[in-house]
Amino acid sequence: MDGKLVFHGIALFNFLFGIYYDQNYVNLPDPFKTLVESSGTFLKGRTAFLTFLNMIIQASYFTLCLLNDIFGTNEVSPRKSSSLRQLKDYVFGAFAWPLALNVGVSFWTLMAIDRELVLPKALDAYFPTWLNHVMHTNIVIFIVLELFTTFRQYPSRKSALTGLSIFMLAYLVWIHIIKHYAGVWVYPVLNVLEFGQRIVFFIVILLFCLGLYFVGEFLNNKIWASELRQIKSKRNK
């Protein structure tokens, strides 16, 4: 059996099971219960959290990987690049890579500073440790392994950064809408920041996320340098 198919299947199961468990077995107490209820009934209000949205994006990306493994090709230079392959590569560069690293690095950095800023100890009785790692650790492990094991051609900077910027700005608007209706910030860290500090915080997070696109592009070009030269040489003939 193809190793990439097995890897992508394991990654997809990891994220789908995390989403399933969170939706069916995690019942948050107040004020988090009020917060998620104020963000609507779709997916039980978990769309309030970037972590959960990222889980959906990771599951979607690895679904594309599986479909490409079965119906497409992972060849370096296929005779014709399918729309599925192009979509998979775009989702990796524009969303899956930068969001996974953004969520993972931001979460564990704040946890190291003060866990009450992101995951209050009071939630331990409701939110199992293993699920925390699925959402904040495995996302980084799987996407880094994907970077090293599967060749891709990175999307254009303009299209990728546009897509990522629209997503992040839409999410910033979304958490302000939730704050308006719930009276509670999605993340406890925002409660301890003054207005000006929150603006700086949002700008830093946005720039950090956009910067991660360039990190992914740089690493991809280094790791797959010979394959990319092969494609360039073929095109110039």
# chains A, B, ... in the order shown; residues from 1 in each chain; ligands from 1
>>> select_by_dssp(residues="region 6-204 of chain A", states="alpha helix (DSSP H)", output="ChimeraX atom specification")
/A:6-25,32-38,50-71,83-91,97-114,129-136,138-149,157-182,195-204
>>> closest_atom_pairs(of="region 106-152 of chain A", to="region 10-27 of chain A", cutoff="8 Å", atoms="only C-alpha atoms", output="CSV")
residue,atom,partner,partner_atom,distance
A:Tyr126,CA,A:Val26,CA,6.1
A:Phe127,CA,A:Val26,CA,6.3
A:Leu131,CA,A:Gly18,CA,6.4
A:Val134,CA,A:Gly18,CA,6.6
A:Met135,CA,A:Gly18,CA,7.4
A:Phe142,CA,A:Ala11,CA,6.6
>>> write_last_selection(atoms="N, CA and C atoms", output="PDB file, in the first residue's frame")
ATOM      1  N   TYR A 126     -13.502  19.200  31.494  1.00  0.00           N
ATOM      2  CA  TYR A 126     -14.401  19.114  30.341  1.00  0.00           C
ATOM      3  C   TYR A 126     -13.657  18.851  29.033  1.00  0.00           C
ATOM      4  N   PHE A 127     -12.391  19.235  28.997  1.00  0.00           N
ATOM      5  CA  PHE A 127     -11.606  19.188  27.761  1.00  0.00           C
ATOM      6  C   PHE A 127     -10.398  18.287  27.983  1.00  0.00           C
ATOM      7  N   LEU A 131      -7.257  15.521  23.537  1.00  0.00           N
ATOM      8  CA  LEU A 131      -7.932  16.335  22.534  1.00  0.00           C
ATOM      9  C   LEU A 131      -7.209  17.673  22.365  1.00  0.00           C
ATOM     10  N   VAL A 134      -4.443  16.909  20.055  1.00  0.00           N
ATOM     11  CA  VAL A 134      -4.939  16.748  18.682  1.00  0.00           C
ATOM     12  C   VAL A 134      -5.104  18.112  18.027  1.00  0.00           C
ATOM     13  N   MET A 135      -5.653  19.060  18.794  1.00  0.00           N
ATOM     14  CA  MET A 135      -5.965  20.380  18.249  1.00  0.00           C
ATOM     15  C   MET A 135      -4.774  21.328  18.178  1.00  0.00           C
ATOM     16  N   PHE A 142       1.623  16.850  11.851  1.00  0.00           N
ATOM     17  CA  PHE A 142       1.169  16.316  10.567  1.00  0.00           C
ATOM     18  C   PHE A 142       1.503  17.235   9.397  1.00  0.00           C
TER      19      PHE A 142
END
>>> residues_around(residues="Ile139 (chain A)", least_positions_apart="3", cutoff="8 Å", atoms="only C-alpha atoms", output="tab-separated table (two decimals) with N, CA and C atoms, in the first residue's frame")
chain	number	residue	atom	x	y	z
A	55	MET	N	-9.01	22.97	12.55
A	55	MET	CA	-9.20	21.52	12.48
A	55	MET	C	-10.00	21.16	11.23
A	58	GLN	N	-7.67	21.52	8.27
A	58	GLN	CA	-6.73	20.40	8.18
A	58	GLN	C	-7.42	19.15	7.66
A	100	ALA	N	-1.95	26.14	10.73
A	100	ALA	CA	-1.51	25.11	11.67
A	100	ALA	C	-0.37	25.63	12.54
A	101	LEU	N	0.61	26.27	11.90
A	101	LEU	CA	1.74	26.81	12.67
A	101	LEU	C	1.31	27.98	13.55
A	104	GLY	N	-0.68	26.44	16.54
A	104	GLY	CA	0.20	25.68	17.42
A	104	GLY	C	1.19	26.54	18.18
A	134	VAL	N	-4.44	16.91	20.06
A	134	VAL	CA	-4.94	16.75	18.68
A	134	VAL	C	-5.10	18.11	18.03
A	135	MET	N	-5.65	19.06	18.79
A	135	MET	CA	-5.97	20.38	18.25
A	135	MET	C	-4.77	21.33	18.18
A	136	HIS	N	-3.81	21.16	19.09
A	136	HIS	CA	-2.74	22.15	19.16
A	136	HIS	C	-1.33	21.60	18.95
A	142	PHE	N	1.62	16.85	11.85
A	142	PHE	CA	1.17	16.32	10.57
A	142	PHE	C	1.50	17.23	9.40
A	143	ILE	N	1.37	18.54	9.58
A	143	ILE	CA	1.61	19.44	8.45
A	143	ILE	C	3.11	19.55	8.16
>>> closest_atom_pairs(of="region 27-59 of chain A", to="region 159-170 of chain A", cutoff="12 Å", atoms="only C-alpha atoms", output="CSV")
residue,atom,partner,partner_atom,distance
A:Ala48,CA,A:Ala170,CA,11.8
A:Leu50,CA,A:Met168,CA,9.3
A:Leu53,CA,A:Phe167,CA,10.6
A:Asn54,CA,A:Phe167,CA,11.1
A:Ile57,CA,A:Phe167,CA,11.4
>>> residues_around(residues="Ser38 (chain A)", least_positions_apart="3", cutoff="7 Å", atoms="only C-alpha atoms", output="list in words")
Thr34, Leu35, Ile178, Tyr181 and Ala182 of chain A
>>> closest_residue(among="A:Arg115, A:Arg198, A:Val140, A:Phe32", to="His176 (chain A)", atoms="only C-alpha atoms")
A:Arg198
>>> closest_residue(among="A:Asn191, A:Gln197, A:Thr63, A:Ser77", to="Ser226 (chain A)", atoms="only C-alpha atoms")
A:Ser77
>>> residues_around(residues="Phe202 (chain A)", least_positions_apart="6", cutoff="12 Å", atoms="only C-alpha atoms", output="count of residues only")
14
>>> closest_residue(among="A:Asp124, A:Glu146, A:Asn132, A:Val192", to="Phe52 (chain A)", atoms="only C-alpha atoms")
A:Asn132
>>> residues_around(residues="Val36 (chain A)", least_positions_apart="6", cutoff="8 Å", atoms="only C-alpha atoms", output="PDB file with all heavy atoms, in the first residue's frame")
ATOM      1  N   LYS A  44     -22.277  23.504  16.712  1.00  0.00           N
ATOM      2  CA  LYS A  44     -22.403  23.765  18.150  1.00  0.00           C
ATOM      3  C   LYS A  44     -21.596  24.983  18.602  1.00  0.00           C
ATOM      4  O   LYS A  44     -21.042  25.012  19.703  1.00  0.00           O
ATOM      5  CB  LYS A  44     -21.992  22.522  18.945  1.00  0.00           C
ATOM      6  CG  LYS A  44     -22.932  21.337  18.751  1.00  0.00           C
ATOM      7  CD  LYS A  44     -22.623  20.197  19.699  1.00  0.00           C
ATOM      8  CE  LYS A  44     -23.633  19.059  19.528  1.00  0.00           C
ATOM      9  NZ  LYS A  44     -23.364  17.933  20.432  1.00  0.00           N
ATOM     10  N   GLY A  45     -21.549  25.977  17.734  1.00  0.00           N
ATOM     11  CA  GLY A  45     -20.894  27.226  18.094  1.00  0.00           C
ATOM     12  C   GLY A  45     -19.389  27.174  18.149  1.00  0.00           C
ATOM     13  O   GLY A  45     -18.732  28.159  18.518  1.00  0.00           O
ATOM     14  N   ARG A  46     -18.790  26.049  17.752  1.00  0.00           N
ATOM     15  CA  ARG A  46     -17.328  25.938  17.840  1.00  0.00           C
ATOM     16  C   ARG A  46     -16.608  26.808  16.805  1.00  0.00           C
ATOM     17  O   ARG A  46     -15.392  26.984  16.866  1.00  0.00           O
ATOM     18  CB  ARG A  46     -16.889  24.485  17.657  1.00  0.00           C
ATOM     19  CG  ARG A  46     -17.390  23.528  18.746  1.00  0.00           C
ATOM     20  CD  ARG A  46     -16.900  23.934  20.128  1.00  0.00           C
ATOM     21  NE  ARG A  46     -16.952  22.842  21.055  1.00  0.00           N
ATOM     22  CZ  ARG A  46     -18.000  22.523  21.811  1.00  0.00           C
ATOM     23  NH1 ARG A  46     -19.099  23.263  21.755  1.00  0.00           N
ATOM     24  NH2 ARG A  46     -17.965  21.495  22.633  1.00  0.00           N
ATOM     25  N   ALA A  48     -16.521  29.715  16.794  1.00  0.00           N
ATOM     26  CA  ALA A  48     -15.982  30.869  17.520  1.00  0.00           C
ATOM     27  C   ALA A  48     -14.472  30.739  17.686  1.00  0.00           C
ATOM     28  O   ALA A  48     -13.767  31.736  17.839  1.00  0.00           O
ATOM     29  CB  ALA A  48     -16.641  30.984  18.892  1.00  0.00           C
TER      30      ALA A  48
END
>>> residues_around(residues="region 221-224 of chain A", least_positions_apart="3", cutoff="10 Å", atoms="only C-alpha atoms", output="list in words")
Val76, Leu147, Phe148, Thr149, Thr150, Phe151, Arg152, Gln153, Tyr154, Val215, Gly216, Glu217, Phe218, Glu227, Leu228, Arg229 and Gln230 of chain A
